[in-house]
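Pasting upload_10.cif here (mmCIF, C-alpha atoms):
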```cif
data_work
loop_
_atom_site.label_atom_id
_atom_site.label_comp_id
_atom_site.auth_asym_id
_atom_site.auth_seq_id
_atom_site.Cartn_x
_atom_site.Cartn_y
_atom_site.Cartn_z
CA MET A 1 -2.79 20.58 -49.86
CA ARG A 2 -5.61 19.87 -47.45
CA ILE A 3 -4.67 18.43 -44.07
CA LYS A 4 -6.97 15.57 -43.13
CA SER A 5 -8.10 15.16 -39.55
CA LYS A 6 -8.18 11.81 -37.77
CA PHE A 7 -9.67 10.56 -34.55
CA TYR A 8 -7.44 9.10 -31.83
CA CYS A 9 -8.46 7.21 -28.70
CA GLN A 10 -7.17 9.02 -25.61
CA GLU A 11 -6.88 5.70 -23.76
CA CYS A 12 -5.05 3.38 -26.14
CA GLY A 13 -4.12 5.55 -29.16
CA HIS A 14 -6.32 3.70 -31.67
CA GLN A 15 -6.66 5.65 -34.94
CA SER A 16 -9.89 6.05 -36.87
CA THR A 17 -10.92 8.08 -39.91
CA SER A 18 -14.31 8.91 -38.36
CA TRP A 19 -15.71 9.42 -34.89
CA LEU A 20 -16.96 6.33 -33.05
CA GLY A 21 -18.82 6.17 -29.79
CA ARG A 22 -16.77 3.19 -28.61
CA CYS A 23 -13.11 2.58 -29.34
CA PRO A 24 -12.55 -0.69 -31.27
CA GLY A 25 -9.13 -1.04 -29.69
CA CYS A 26 -9.80 -0.87 -25.93
CA GLY A 27 -13.59 -0.61 -25.72
CA ALA A 28 -13.63 2.78 -23.97
CA TRP A 29 -16.66 4.98 -24.56
CA ASN A 30 -16.42 8.57 -25.85
CA SER A 31 -12.63 8.45 -25.89
CA LEU A 32 -12.01 9.35 -29.56
CA VAL A 33 -10.89 12.94 -30.11
CA GLU A 34 -10.37 14.67 -33.44
CA GLU A 35 -6.81 15.78 -34.17
CA LEU A 36 -5.35 17.44 -37.23
CA GLY A 37 -2.74 15.40 -39.04
CA ARG A 38 0.58 16.70 -40.26
CA ARG A 39 1.05 18.15 -43.68
CA PRO A 40 2.85 15.43 -45.63
CA ALA A 41 6.36 16.26 -46.76
CA VAL A 42 6.74 16.54 -50.57
CA GLY A 43 9.89 15.44 -52.28
CA ARG A 44 11.64 14.39 -49.09
CA VAL A 45 15.23 13.33 -49.73
CA PRO A 46 16.19 10.03 -48.11
CA ALA A 47 18.86 10.10 -45.45
CA VAL A 48 22.42 9.76 -46.68
CA GLY A 49 25.20 7.99 -44.87
CA SER A 50 23.09 5.62 -42.83
CA GLN A 51 24.79 2.52 -41.53
CA SER A 52 24.54 -0.67 -43.52
CA PRO A 53 23.63 -3.95 -41.80
CA CYS A 54 26.58 -5.70 -40.18
CA PRO A 55 27.01 -9.01 -38.31
CA VAL A 56 26.47 -8.87 -34.58
CA THR A 57 29.93 -10.33 -34.03
CA GLU A 58 31.51 -7.26 -35.64
CA VAL A 59 29.73 -4.74 -33.45
CA PRO A 60 32.32 -3.21 -31.08
CA VAL A 61 31.75 -4.02 -27.43
CA GLN A 62 31.60 -0.98 -25.19
CA LYS A 63 30.93 -1.10 -21.48
CA GLU A 64 28.26 1.32 -20.38
CA ASP A 65 29.31 3.23 -17.28
CA ARG A 66 26.21 3.90 -15.22
CA LEU A 67 25.69 7.17 -13.38
CA PRO A 68 24.78 6.47 -9.74
CA THR A 69 22.01 8.71 -8.46
CA GLY A 70 23.36 8.72 -4.92
CA ILE A 71 20.02 7.35 -3.65
CA GLY A 72 20.44 3.65 -2.97
CA GLU A 73 16.79 2.68 -3.40
CA ILE A 74 16.61 4.26 -6.87
CA ASP A 75 19.90 2.69 -7.93
CA ARG A 76 18.56 -0.69 -6.79
CA VAL A 77 15.49 -0.36 -9.02
CA LEU A 78 17.49 0.94 -12.01
CA GLY A 79 20.03 -1.85 -11.72
CA GLY A 80 22.96 0.19 -10.43
CA GLY A 81 22.38 3.65 -11.85
CA VAL A 82 21.31 5.60 -14.91
CA VAL A 83 22.57 4.41 -18.29
CA PRO A 84 23.78 7.37 -20.43
CA GLY A 85 21.41 8.17 -23.27
CA SER A 86 18.45 6.35 -21.72
CA LEU A 87 14.84 7.54 -21.57
CA ILE A 88 13.18 6.90 -18.20
CA LEU A 89 9.45 7.33 -17.58
CA VAL A 90 8.31 7.87 -13.97
CA GLY A 91 4.57 7.56 -13.33
CA GLY A 92 2.31 7.68 -10.31
CA ASP A 93 -0.90 9.03 -8.87
CA PRO A 94 -1.13 12.74 -8.01
CA GLY A 95 0.47 13.53 -4.67
CA MET A 96 2.71 10.45 -4.58
CA GLY A 97 5.87 12.58 -4.69
CA LYS A 98 7.13 12.18 -8.28
CA SER A 99 8.31 15.78 -8.58
CA THR A 100 9.79 15.69 -5.08
CA LEU A 101 11.74 12.50 -5.80
CA LEU A 102 13.11 13.75 -9.12
CA LEU A 103 14.11 17.09 -7.62
CA GLN A 104 16.09 15.15 -5.02
CA VAL A 105 17.66 13.09 -7.81
CA ALA A 106 18.55 16.30 -9.68
CA HIS A 107 20.19 17.72 -6.57
CA ARG A 108 22.28 14.58 -6.03
CA PHE A 109 23.44 14.63 -9.66
CA SER A 110 24.19 18.37 -9.48
CA LYS A 111 27.01 17.67 -7.04
CA GLN A 112 29.02 16.31 -9.99
CA TYR A 113 27.24 17.34 -13.20
CA ASP A 114 25.09 20.07 -14.68
CA VAL A 115 21.41 19.07 -14.47
CA VAL A 116 18.50 20.72 -16.29
CA TYR A 117 15.10 20.52 -14.59
CA VAL A 118 12.28 21.51 -16.97
CA SER A 119 8.87 22.14 -15.43
CA GLY A 120 5.70 22.77 -17.38
CA GLU A 121 3.49 22.84 -14.29
CA GLU A 122 5.35 25.12 -11.85
CA SER A 123 7.04 28.47 -12.07
CA LEU A 124 10.69 28.94 -11.17
CA ARG A 125 9.71 30.59 -7.89
CA GLN A 126 7.54 27.61 -6.92
CA ILE A 127 10.37 25.19 -7.67
CA ARG A 128 12.74 27.30 -5.59
CA ILE A 129 10.34 27.12 -2.61
CA ARG A 130 10.24 23.33 -2.88
CA ALA A 131 14.02 23.16 -3.28
CA ASP A 132 14.47 25.22 -0.09
CA ARG A 133 12.24 22.79 1.80
CA LEU A 134 14.14 19.77 0.49
CA GLY A 135 17.57 21.33 0.91
CA ALA A 136 18.19 20.85 -2.82
CA LEU A 137 20.02 24.08 -3.61
CA SER A 138 22.93 23.91 -6.02
CA SER A 139 24.43 26.28 -8.57
CA ARG A 140 24.68 23.42 -11.08
CA LEU A 141 20.94 22.68 -10.90
CA LEU A 142 19.48 24.68 -13.79
CA LEU A 143 15.73 25.38 -13.82
CA VAL A 144 13.60 26.03 -16.89
CA SER A 145 9.85 26.71 -17.02
CA GLU A 146 8.88 25.84 -20.59
CA THR A 147 6.38 23.66 -22.48
CA ASP A 148 7.50 24.02 -26.12
CA VAL A 149 9.48 20.91 -27.00
CA ALA A 150 11.55 22.76 -29.63
CA ILE A 151 12.71 25.38 -27.10
CA ILE A 152 13.42 22.66 -24.51
CA GLU A 153 15.52 20.74 -27.01
CA ARG A 154 17.45 23.90 -27.89
CA HIS A 155 18.21 24.49 -24.19
CA LEU A 156 19.39 20.90 -23.73
CA ARG A 157 21.65 21.03 -26.78
CA THR A 158 23.14 24.32 -25.60
CA VAL A 159 23.86 23.21 -22.02
CA ALA A 160 24.55 19.55 -22.95
CA PRO A 161 23.86 18.15 -19.47
CA PRO A 162 24.22 14.41 -18.78
CA ILE A 163 20.85 14.45 -16.95
CA ALA A 164 17.60 16.22 -17.85
CA ILE A 165 14.20 16.00 -16.13
CA ILE A 166 10.93 16.85 -17.90
CA ASP A 167 8.00 17.45 -15.52
CA SER A 168 5.72 16.44 -17.11
CA ILE A 169 5.40 14.93 -20.59
CA GLN A 170 1.65 15.71 -20.64
CA THR A 171 2.32 19.46 -20.49
CA VAL A 172 4.86 19.58 -23.33
CA PHE A 173 3.63 20.30 -26.85
CA SER A 174 4.99 20.43 -30.37
CA SER A 175 3.88 23.19 -32.73
CA GLU A 176 3.96 20.69 -35.61
CA VAL A 177 1.01 18.79 -34.15
CA GLY A 178 -2.35 20.51 -34.31
CA SER A 179 -3.83 19.30 -31.02
CA ALA A 180 -3.86 20.30 -27.37
CA PRO A 181 -1.02 19.37 -24.97
CA GLY A 182 -1.60 16.02 -23.33
CA SER A 183 -3.38 14.47 -26.31
CA VAL A 184 -2.28 11.19 -27.80
CA ALA A 185 -0.58 12.80 -30.80
CA GLN A 186 1.25 15.39 -28.67
CA VAL A 187 2.50 12.88 -26.09
CA ARG A 188 3.65 10.48 -28.80
CA GLU A 189 5.45 13.15 -30.84
CA CYS A 190 7.13 14.86 -27.86
CA ALA A 191 8.29 11.53 -26.40
CA ALA A 192 9.71 10.54 -29.78
CA GLN A 193 11.59 13.84 -29.99
CA PHE A 194 13.07 13.37 -26.51
CA MET A 195 14.03 9.79 -27.43
CA ARG A 196 15.92 10.98 -30.52
CA LEU A 197 17.65 13.62 -28.42
CA ALA A 198 18.69 11.08 -25.79
CA LYS A 199 20.06 8.56 -28.30
CA ASN A 200 21.93 11.14 -30.40
CA SER A 201 23.39 13.35 -27.66
CA GLY A 202 23.81 10.83 -24.81
CA VAL A 203 21.77 12.83 -22.30
CA SER A 204 19.64 10.73 -19.95
CA VAL A 205 16.09 12.07 -19.84
CA PHE A 206 13.58 11.52 -17.04
CA LEU A 207 9.96 11.96 -18.09
CA VAL A 208 7.23 12.42 -15.48
CA GLY A 209 3.93 10.86 -16.55
CA HIS A 210 0.47 11.31 -15.10
CA VAL A 211 -1.70 8.32 -14.23
CA THR A 212 -5.36 7.93 -15.14
CA LYS A 213 -8.08 6.89 -12.70
CA GLU A 214 -7.66 3.29 -13.89
CA GLY A 215 -4.04 3.36 -12.71
CA MET A 216 -2.50 3.46 -16.20
CA LEU A 217 -0.12 6.06 -17.56
CA ALA A 218 -2.02 8.80 -19.37
CA GLY A 219 -1.44 8.90 -23.12
CA PRO A 220 -0.94 6.13 -25.66
CA ARG A 221 0.39 2.73 -24.69
CA VAL A 222 3.14 3.25 -27.23
CA LEU A 223 4.70 5.69 -24.77
CA GLU A 224 5.72 2.82 -22.50
CA HIS A 225 7.15 0.93 -25.49
CA MET A 226 9.25 3.87 -26.64
CA VAL A 227 11.10 4.49 -23.37
CA ASP A 228 13.89 2.35 -21.96
CA THR A 229 12.64 2.21 -18.38
CA VAL A 230 9.21 2.59 -16.78
CA LEU A 231 9.01 3.27 -13.04
CA TYR A 232 5.86 3.55 -10.96
CA LEU A 233 5.74 5.40 -7.65
CA GLU A 234 3.02 3.68 -5.65
CA GLY A 235 1.55 4.15 -2.21
CA ASP A 236 -1.48 4.97 -0.13
CA ARG A 237 -2.27 8.65 0.25
CA HIS A 238 -3.09 8.00 3.91
CA GLN A 239 0.27 6.29 4.52
CA SER A 240 3.72 7.83 4.49
CA PHE A 241 5.39 4.93 2.66
CA ARG A 242 6.07 5.07 -1.07
CA ILE A 243 7.21 2.18 -3.26
CA LEU A 244 9.18 2.72 -6.47
CA ARG A 245 8.56 -0.27 -8.72
CA GLY A 246 10.15 -0.98 -12.11
CA VAL A 247 7.74 -2.48 -14.64
CA LYS A 248 10.14 -2.22 -17.59
CA ASN A 249 13.91 -1.95 -17.70
CA ARG A 250 16.01 -2.67 -20.76
CA PHE A 251 19.21 -2.44 -18.73
CA GLY A 252 18.32 -4.38 -15.60
CA SER A 253 15.83 -6.43 -13.65
CA THR A 254 12.21 -5.42 -13.07
CA ASN A 255 11.90 -7.43 -9.85
CA GLU A 256 13.48 -4.89 -7.50
CA ILE A 257 11.57 -2.23 -5.57
CA GLY A 258 12.67 0.85 -3.68
CA ILE A 259 10.90 1.92 -0.49
CA PHE A 260 10.75 5.49 0.79
CA ASP A 261 9.18 7.32 3.70
CA MET A 262 7.51 10.65 2.89
CA GLN A 263 8.69 13.22 5.41
CA GLY A 264 8.91 16.99 5.62
CA ARG A 265 12.36 17.03 4.03
CA GLY A 266 11.29 14.81 1.13
CA LEU A 267 11.42 11.10 0.43
CA VAL A 268 13.77 9.29 2.81
CA GLU A 269 15.15 5.83 2.04
CA VAL A 270 13.92 2.90 4.12
CA THR A 271 16.79 0.47 4.59
CA ASN A 272 14.86 -2.12 6.62
CA PRO A 273 11.30 -2.17 5.25
CA SER A 274 10.24 -5.35 7.05
CA GLU A 275 10.82 -3.76 10.43
CA ILE A 276 8.87 -0.68 9.36
CA PHE A 277 5.89 -2.65 8.07
CA LEU A 278 5.78 -4.76 11.23
CA ASN A 279 6.08 -1.92 13.75
CA GLN A 280 2.34 -2.11 14.42
CA HIS A 281 2.18 -5.91 14.55
CA PRO A 282 0.52 -6.94 17.85
CA ASN A 283 2.75 -8.55 20.45
CA GLY A 284 0.05 -11.06 21.35
CA ALA A 285 -1.83 -13.41 19.04
CA VAL A 286 -4.87 -11.79 17.41
CA PRO A 287 -7.45 -13.64 15.26
CA GLY A 288 -7.13 -12.79 11.57
CA ALA A 289 -3.52 -11.48 11.62
CA VAL A 290 -0.70 -13.44 9.95
CA VAL A 291 2.77 -12.35 8.82
CA ALA A 292 3.66 -13.15 5.19
CA ALA A 293 7.29 -13.47 4.08
CA CYS A 294 7.43 -12.14 0.52
CA LEU A 295 10.31 -11.58 -1.85
CA GLU A 296 10.61 -8.44 -3.99
CA GLY A 297 13.50 -9.10 -6.31
CA SER A 298 16.45 -9.98 -4.09
CA ARG A 299 14.94 -8.33 -1.00
CA PRO A 300 12.86 -10.30 1.52
CA LEU A 301 9.89 -8.36 2.82
CA LEU A 302 7.73 -9.27 5.82
CA VAL A 303 4.20 -7.84 5.73
CA GLU A 304 1.26 -8.41 8.04
CA ILE A 305 -1.90 -9.74 6.38
CA GLN A 306 -5.18 -9.03 8.15
CA ALA A 307 -8.53 -10.67 7.38
CA LEU A 308 -12.00 -10.15 8.76
CA VAL A 309 -14.75 -12.72 8.23
CA SER A 310 -18.15 -11.69 9.58
CA PRO A 311 -21.74 -12.81 8.88
CA ALA A 312 -23.39 -10.89 6.06
CA GLY A 313 -26.24 -8.77 7.36
CA TYR A 314 -28.27 -8.70 4.16
CA GLY A 315 -27.98 -9.12 0.41
CA VAL A 316 -24.95 -10.46 -1.38
CA PRO A 317 -21.87 -10.91 0.85
CA ARG A 318 -19.13 -8.36 0.26
CA ARG A 319 -15.58 -9.21 -0.83
CA MET A 320 -13.10 -6.35 -0.39
CA THR A 321 -9.30 -6.38 -0.62
CA ALA A 322 -6.54 -3.81 -0.16
CA GLY A 323 -2.94 -4.49 -1.12
CA VAL A 324 -3.62 -8.02 -2.42
CA ASP A 325 -5.11 -9.33 -5.65
CA HIS A 326 -8.91 -9.59 -5.44
CA ASN A 327 -9.03 -12.53 -7.86
CA ARG A 328 -6.37 -14.37 -5.90
CA VAL A 329 -8.39 -13.98 -2.70
CA ALA A 330 -11.49 -15.32 -4.48
CA LEU A 331 -9.47 -18.37 -5.58
CA ILE A 332 -8.27 -19.03 -2.02
CA ILE A 333 -11.83 -18.72 -0.69
CA ALA A 334 -12.98 -21.33 -3.22
CA VAL A 335 -10.19 -23.71 -2.15
CA LEU A 336 -11.10 -23.25 1.52
CA GLU A 337 -14.74 -24.06 0.79
CA LYS A 338 -13.98 -27.11 -1.38
CA LYS A 339 -10.94 -28.67 0.30
CA VAL A 340 -11.20 -27.49 3.92
CA GLY A 341 -14.97 -27.56 4.22
CA LEU A 342 -15.54 -23.98 5.34
CA ASN A 343 -18.91 -22.45 4.47
CA LEU A 344 -17.95 -18.88 3.59
CA GLY A 345 -20.80 -18.18 1.16
CA SER A 346 -22.85 -16.18 3.69
CA PHE A 347 -19.97 -14.14 5.18
CA ASP A 348 -18.51 -10.76 4.38
CA ILE A 349 -14.76 -11.05 3.79
CA TYR A 350 -12.19 -8.24 4.01
CA VAL A 351 -8.45 -8.75 3.43
CA ASN A 352 -5.78 -6.06 3.88
CA ALA A 353 -1.99 -5.83 3.56
CA VAL A 354 -0.87 -3.51 6.37
CA GLY A 355 1.32 -0.51 5.55
CA GLY A 356 0.01 0.39 2.10
CA VAL A 357 2.24 -2.15 0.33
CA ARG A 358 0.85 -4.20 -2.55
CA LEU A 359 1.70 -7.91 -2.75
CA ASP A 360 1.53 -9.53 -6.17
CA GLU A 361 3.42 -12.79 -5.78
CA PRO A 362 1.61 -16.09 -5.03
CA ALA A 363 3.78 -16.66 -1.94
CA ALA A 364 1.23 -14.62 0.05
CA ASP A 365 -1.49 -17.25 -0.57
CA LEU A 366 -0.80 -19.21 2.59
CA SER A 367 -0.88 -16.12 4.80
CA ILE A 368 -4.22 -15.06 3.28
CA ALA A 369 -5.70 -18.53 3.83
CA LEU A 370 -4.45 -18.66 7.44
CA ALA A 371 -5.81 -15.18 8.16
CA LEU A 372 -9.23 -16.11 6.76
CA VAL A 373 -9.46 -19.34 8.76
CA SER A 374 -8.17 -17.64 11.89
CA SER A 375 -10.82 -14.94 11.67
CA PHE A 376 -13.58 -17.41 10.74
CA ARG A 377 -12.82 -19.70 13.69
CA ASN A 378 -11.80 -16.81 15.98
CA ALA A 379 -8.62 -18.78 16.66
CA PRO A 380 -5.45 -16.64 16.69
CA VAL A 381 -2.24 -17.69 14.98
CA ASP A 382 0.98 -17.43 16.96
CA SER A 383 2.43 -13.94 16.53
CA GLY A 384 5.90 -15.49 16.34
CA LEU A 385 5.03 -17.46 13.20
CA ALA A 386 5.80 -16.28 9.66
CA VAL A 387 4.56 -18.13 6.58
CA ALA A 388 5.13 -18.37 2.83
CA GLY A 389 3.53 -20.67 0.29
CA GLU A 390 1.46 -20.84 -2.86
CA VAL A 391 -1.92 -22.56 -2.68
CA GLY A 392 -2.93 -24.74 -5.63
CA LEU A 393 -6.45 -25.43 -6.85
CA THR A 394 -6.30 -29.00 -5.57
CA GLY A 395 -5.34 -27.84 -2.08
CA GLU A 396 -1.63 -28.61 -2.33
CA LEU A 397 1.00 -26.27 -0.93
CA ARG A 398 3.55 -25.35 -3.55
CA PRO A 399 7.11 -24.21 -2.85
CA VAL A 400 8.22 -20.63 -3.32
CA PRO A 401 11.59 -19.38 -4.63
CA GLY A 402 14.13 -17.93 -2.25
CA ALA A 403 12.88 -19.85 0.78
CA ALA A 404 16.18 -19.45 2.64
CA LYS A 405 16.11 -15.65 2.30
CA ARG A 406 12.55 -15.50 3.63
CA VAL A 407 13.31 -17.77 6.59
CA ASN A 408 16.52 -15.98 7.55
CA GLU A 409 14.82 -12.57 7.38
CA ALA A 410 12.01 -13.76 9.64
CA PHE A 411 14.40 -15.20 12.23
CA LYS A 412 16.50 -12.03 12.10
CA LEU A 413 13.44 -9.99 13.05
CA GLY A 414 12.64 -12.19 16.05
CA PHE A 415 10.17 -14.74 14.69
CA THR A 416 10.50 -18.17 16.29
CA ARG A 417 8.72 -20.40 13.71
CA PHE A 418 8.34 -20.46 9.95
CA LEU A 419 5.76 -22.42 7.94
CA LEU A 420 6.26 -23.30 4.28
CA SER A 421 5.78 -26.09 1.76
CA GLY A 422 7.40 -29.45 2.35
CA ARG A 423 8.70 -29.36 -1.21
CA SER A 424 10.83 -26.26 -0.60
CA ALA A 425 14.60 -26.58 -0.80
CA SER A 426 16.06 -27.00 2.67
CA ASN A 427 19.51 -25.58 1.91
CA ASN A 428 20.71 -23.01 4.47
CA ILE A 429 17.49 -23.40 6.49
CA ASP A 430 17.38 -24.12 10.23
CA GLU A 431 14.95 -27.07 10.03
CA SER A 432 14.54 -27.24 13.81
CA ARG A 433 12.37 -24.10 13.73
CA VAL A 434 10.75 -24.65 10.33
CA LEU A 435 7.35 -26.30 9.90
CA GLN A 436 6.73 -27.97 6.54
CA ALA A 437 3.34 -29.02 5.15
CA GLU A 438 2.33 -30.77 1.95
CA THR A 439 -1.27 -29.54 1.75
CA LEU A 440 -3.26 -26.54 2.87
CA VAL A 441 -5.16 -28.68 5.40
CA ASP A 442 -1.88 -29.77 7.01
CA ALA A 443 -0.64 -26.17 7.10
CA LEU A 444 -3.83 -24.99 8.83
CA ASP A 445 -3.59 -27.77 11.41
CA MET A 446 0.08 -26.97 12.12
CA ALA A 447 -0.46 -23.22 12.42
CA LEU A 448 -3.47 -23.46 14.73
CA LYS A 449 -1.91 -26.27 16.79
CA GLN A 450 1.28 -24.23 17.15
CA SER A 451 -0.80 -21.34 18.42
CA CYS A 452 -2.56 -23.53 20.99
CA GLU A 453 0.78 -24.88 22.24
CA VAL A 454 2.10 -21.31 22.69
CA GLU A 455 -0.99 -20.31 24.65
#
```

Rewritten as structure tokens:
Amino acid sequence: MRIKSKFYCQECGHQSTSWLGRCPGCGAWNSLVEELGRRPAVGRVPAVGSQSPCPVTEVPVQKEDRLPTGIGEIDRVLGGGVVPGSLILVGGDPGMGKSTLLLQVAHRFSKQYDVVYVSGEESLRQIRIRADRLGALSSRLLLVSETDVAIIERHLRTVAPPIAIIDSIQTVFSSEVGSAPGSVAQVRECAAQFMRLAKNSGVSVFLVGHVTKEGMLAGPRVLEHMVDTVLYLEGDRHQSFRILRGVKNRFGSTNEIGIFDMQGRGLVEVTNPSEIFLNQHPNGAVPGAVVAACLEGSRPLLVEIQALVSPAGYGVPRRMTAGVDHNRVALIIAVLEKKVGLNLGSFDIYVNAVGGVRLDEPAADLSIALALVSSFRNAPVDSGLAVAGEVGLTGELRPVPGAAKRVNEAFKLGFTRFLLSGRSASNNIDESRVLQAETLVDALDMALKQSCEVE
């Protein structure tokens, strides 16, 4: 029987019977690649002994005992540890330290269990050199250099380890799929085979995934839907800090982050990230610098926001951001022009979150607005002031969740004043050192007036 070939988009996995210049699914150009389909099975016998549907009330309750990794920041992101039989996908840009982090995880697990580390990118000698540098030597850490998914599965069934690490899923291939390793069909088939292995045998599998230039995991989007947990290792290549962020977790929250410091001996946990991110904060007041009190899951995080507003020399004014959402900054600029009366249309604007961290929550709006106004007016904000608040389109200052945690963290690190919305809950907050404003105009007046009183 003839095997028909199909065309798959390498970006989104869209399937087509003929080649198209532009993918109908995601709109990417020249992304469809021809791949040979499988030979259909003839006379396949249906599975026997499958479970029949039963009421949810009759399903036996069994408590899942998590396996702690021994690294507190990873356990925080995973929700307490690794759930047996789970499939975890770890992605990140090249050079972020994915292989280093997972080798450290394998070493911690090898103190109690047998761990299989499968590498399709490095030889055993190269892994040994990296293990020597990290101090991750253990007789229970088993190394395999293999890319055939059938051979890898045979090794895992023979050893039966509770933890297995596959580095990376883009290098593994299945001989049943007639395409190159890393293609959509190969990634989908190999991930499905590892998922079946994890669910049937109870082994927890870590998959390392490459990231495209757009910042998405390489391969089909279905890969993220198949796994139980998706973790991203983020950071600036020019900074030593790395942030492990959970974007999907079937067994826990996705709001927590883990922070590491890249050093010669590997990734080291950062127990007090606010103090690390503020170690370069100027002692005196500087125009355009404001400290934002953010909340990542249950952890308060203080980050310095810097803004530079300068006259545009020629052409269209530039708007550049690093660590904050570009669209959010554009919204705040529009509110400042409409509600505060600032004429920013002829100025170049640059906004940066210091330390390589990326802030996604709206609580950073007030710090961005204060930094922009401070730089525009060349009027510094008191260095002992921390702020948190969401700016609305009508110029109102909205409350943020977890206000007490943000305020207490700021005071613990030596800040003397805190500015937030007047609608925020005042429970467990020292109101004598807290400034509250209803609108953005009031917040700007309070912050700049406070700075003048300090001077």

* Run the PyMOL selection byres ((chain A and resi 305) around 8) on the file and write out the hits as a list in words. => Gly288, Ala289, Val290, Val291, Ala292, Val303, Glu304, Gln306, Ala307, Val351, Asn352, Ala353, Val354, Ser367, Ile368 and Ala371 of chain A

Could you dump the residues just selected with C-alpha atoms as an mmCIF file, in the frame of the given file?
```cif
data_model
loop_
_atom_site.group_PDB
_atom_site.id
_atom_site.type_symbol
_atom_site.label_atom_id
_atom_site.label_comp_id
_atom_site.auth_asym_id
_atom_site.auth_seq_id
_atom_site.Cartn_x
_atom_site.Cartn_y
_atom_site.Cartn_z
ATOM 1 C CA GLY A 288 -7.130 -12.790 11.570
ATOM 2 C CA ALA A 289 -3.520 -11.480 11.620
ATOM 3 C CA VAL A 290 -0.700 -13.440 9.950
ATOM 4 C CA VAL A 291 2.770 -12.350 8.820
ATOM 5 C CA ALA A 292 3.660 -13.150 5.190
ATOM 6 C CA VAL A 303 4.200 -7.840 5.730
ATOM 7 C CA GLU A 304 1.260 -8.410 8.040
ATOM 8 C CA GLN A 306 -5.180 -9.030 8.150
ATOM 9 C CA ALA A 307 -8.530 -10.670 7.380
ATOM 10 C CA VAL A 351 -8.450 -8.750 3.430
ATOM 11 C CA ASN A 352 -5.780 -6.060 3.880
ATOM 12 C CA ALA A 353 -1.990 -5.830 3.560
ATOM 13 C CA VAL A 354 -0.870 -3.510 6.370
ATOM 14 C CA SER A 367 -0.880 -16.120 4.800
ATOM 15 C CA ILE A 368 -4.220 -15.060 3.280
ATOM 16 C CA ALA A 371 -5.810 -15.180 8.160
#
```

* To do: Just say which residues the PyMOL selection byres ((chain A and resi 198) around 12) picks in this file, as an MDAnalysis selection string.
  => chainID A and resid 83:88 153 156:157 160:165 191:197 199:207 226:228

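Residue nearest Gly252 (chain A), chosen from A:Arg133, A:Lys63, A:Arg76, A:Arg237 and counting only C-alpha atoms: A:Arg76.
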
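Between Asp325 (chain A) and the residues A:Ser168, A:Thr100, A:Val357, A:Arg299, the shortest atom-to-atom distance, using only C-alpha atoms, involves A:Val357.
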
* Contacts of Gly345 (chain A) at 12 Å or less, counting only C-alpha atoms, minus same-chain residues fewer than 2 places along, as a list in words? -> Val309, Ser310, Pro311, Ala312, Gly315, Val316, Pro317, Arg318, Arg319, Ala330, Ile333, Ala334, Leu336, Glu337, Lys338, Gly341, Leu342, Asn343, Phe347, Asp348 and Ile349 of chain A

* To do: Using all atoms listed in the file, find all polymer residues with an atom at most 12 Å away from the point (-2.3, 21.1, -31.3); report them as a list in words.
  => Ser5, Val33, Glu34, Glu35, Leu36, Gly37, Arg38, Asp148, Thr171, Val172, Phe173, Ser174, Ser175, Glu176, Val177, Gly178, Ser179, Ala180, Pro181, Gly182, Ser183, Val184, Ala185, Gln186, Val187, Glu189 and Cys190 of chain A

* **Ground truth for the PyMOL selection byres ((chain A and resi 105) around 10), written as a VMD selection string** => chain A and resid 68 to 71 74 99 to 104 106 to 110 115 136 163 165

* Residue with smallest distance to Gly72 (chain A) - pool A:Glu224, A:Glu256, A:Glu122, A:Glu296, counting only C-alpha atoms -> A:Glu256

* Residue nearest Gly414 (chain A) - candidates A:Gly246, A:Gly135, A:Gly79, A:Gly384, atoms counted: all atoms listed in the file -> A:Gly384

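With all atoms listed in the file as the atoms that count, the minimum distance from Val335 (chain A) to the choices A:Thr439, A:Ile257, A:Leu301, A:Gly356 is reached by A:Thr439.
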
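Picture a line from CA of Glu11 (chain A) to CA of Leu32 (chain A); it runs 8.6 Å.
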
* Measuring atom to atom with only C-alpha atoms, identify which of A:Val90, A:Val149, A:Ala437, A:Met446 is nearest to Val211 (chain A). =>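 Closest residue, counting only C-alpha atoms: A:Val90.
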
* To do: Name all residues at most 9 Å from Leu413 (chain A) (count all atoms listed in the file; drop same-chain ones fewer than 5 positions away) and give them as a list in words.
  =>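 Using all atoms listed in the file, the neighbours found are Ser274, Glu275 and Asn408 of chain A.
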
* Sel. within 10 Å of pt (18.4, 24.2, -10.9), counting all atoms listed in the file, output as a list of chain:residue names ->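 So the residues meeting the distance criterion are A:Leu103, A:Ala106, A:His107, A:Ser110, A:Asp114, A:Val115, A:Val116, A:Tyr117, A:Val118, A:Leu124, A:Ile127, A:Arg128, A:Ala131, A:Ala136, A:Leu137, A:Ser138, A:Ser139, A:Arg140, A:Leu141, A:Leu142, A:Leu143, A:Val144.
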
* **Distance query Leu359 (chain A) at most 7 Å, all atoms listed in the file, self and fewer than 2 positions along chain excluded, as number ranges by chain** => A: 323-324, 357, 361

* Skip region 398-400 of chain A itself and residues of its chain fewer than 4 positions away, then list as a count of residues only all residues within 9 Å of it, counting all atoms listed in the file. => 15

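For Ala410 (chain A), the set of protein, DNA and RNA residues having any atom at most 9 Å away, when counting only C-alpha atoms and skipping those fewer than 5 positions along the same chain, is A:Ser274, A:Ala293, A:Pro300, A:Leu301, A:Leu302, A:Leu385, A:Ala386, A:Lys405, A:Phe415, A:Thr416, A:Arg417, A:Phe418.
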